[in-house]
Amino acid sequence: NGAGKSTLLKVITKVMNCTSGDIFFEGKSMCTEDLKKVGAIIEHPAIYPNLTAYENLEVLTVLLNIDKRRIDYVLKIVGLEYTNKKLARNFSLGMKQRLGIAMALINNPELLILDEPTNHLDIPGKEALELSLKGFTGSILFVSHDRYFIQQMATGLLVLSNDGCKFVNQTYDEYMNQEPVQMTEVKQTSSEPNSKKEVKRALSPEARRREIAKLERLITEKEVELEEMRELRFEPEYYQDYQKMNDLDQDIDDIHNELAHLEERWASLLEEVS
């Protein structure tokens, strides 16, 4: 969390300039022309709220000179083929997320970049997304906090931390089951006199259950707060004001990181109780 995952995606797609180094695509320094071979959805889809799903995709086909017959194809992939004249502003968050993925697929990209693609999707929506992405013939680079989705989709991991990043040619489960460095760090931390690990062990089973219930309430509250803030992205007051949108995205990142820590603590306690 906070290591620069979304920033990296923005640099690759030329939304932001890198302060040093270079991006290579197909063996050469990446240029603007190469972006025609890339499909991306980063942080939130750039949807026109007063247009239908079909019309949003139609705008892209005109801008990118793409055959309009592809619109029906990608709408079917993401399960929005029956939205007809319904405007995007009346879509649920899950429908907006699926429309964003359709927009990323419209140019039949060689590289697909997705930032938290399972956000707002229910279980059938996630299963449909997995199925469609597994049929994708290009390469996919995605950021996700959804561990199940990572395990299902990722054939390799780019692990980012404050110390840099490394590529691991393993699935998520393989990586987590053989991380000796992380295990050593946890052991060292737990030996500190006032560490959270030691406090956690001192809790009685009943105290752990109370803590789990408390964490579940906090997680629910944070999820509601996160959904409300994400919904603001589709309000003109925000998407028409760069500074407001930037501040909102920072607030969303902060809540997302806080939620991830709460969920990690909840899962750890749940394992101890069981």
# chains A, B, ... in the order shown; residues from 1 in each chain; ligands from 1
>>> residues_around(residues="region 238-254 of chain A", least_positions_apart="6", cutoff="12 Å", atoms="only C-alpha atoms", output="ChimeraX atom specification")
/A:1-7,42-49,116,222-232,260-261
>>> closest_residue(among="A:Trp266, A:Phe234, A:Tyr54, A:Phe25", to="Glu81 (chain A)", atoms="only C-alpha atoms")
A:Tyr54
>>> atom_distance(atom1="CA of Tyr175 (chain A)", atom2="CA of Pro109 (chain A)")
28.6 Å
>>> select_by_dssp(residues="region 88-139 of chain A", states="strand (DSSP E or B)", output="JSON, numbers by chain")
{"A": [111, 112, 113, 114, 115, 139]}
>>> select_by_dssp(residues="region 134-265 of chain A", states="alpha helix (DSSP H)", output="ChimeraX atom specification")
/A:134,147-153,172-176,180-190,196-202,205-232,236-239,242-265
>>> residues_around(residues="Lys134 (chain A)", least_positions_apart="6", cutoff="12 Å", atoms="only C-alpha atoms", output="MDAnalysis selection string")
chainID A and resid 77 127:128 140 149 152:155
>>> write_last_selection(atoms="C-alpha atoms", output="PDB file, in the first residue's frame")
ATOM      1  CA  ILE A  77     -18.006  -9.792 -22.923  1.00  0.00           C
ATOM      2  CA  GLU A 127     -16.532 -14.926 -12.574  1.00  0.00           C
ATOM      3  CA  ALA A 128     -17.573 -13.390 -15.907  1.00  0.00           C
ATOM      4  CA  ILE A 140      -2.392  -8.251 -18.828  1.00  0.00           C
ATOM      5  CA  PHE A 149      -8.554 -12.922  -8.297  1.00  0.00           C
ATOM      6  CA  GLN A 152      -6.811 -17.155 -10.447  1.00  0.00           C
ATOM      7  CA  MET A 153      -5.308 -14.768 -12.997  1.00  0.00           C
ATOM      8  CA  ALA A 154      -1.658 -13.952 -12.315  1.00  0.00           C
ATOM      9  CA  THR A 155       1.111 -16.124 -13.797  1.00  0.00           C
TER      10      THR A 155
END
>>> closest_residue(among="A:Ile106, A:Leu60, A:Cys18, A:Ile12", to="Thr32 (chain A)", atoms="only C-alpha atoms")
A:Ile12
>>> closest_residue(among="A:Leu8, A:Ala40, A:Met176, A:Leu129", to="Gln151 (chain A)", atoms="only C-alpha atoms")
A:Met176
>>> closest_residue(among="A:Leu259, A:Ala53, A:Leu158, A:Ala267", to="Arg208 (chain A)", atoms="only C-alpha atoms")
A:Ala267
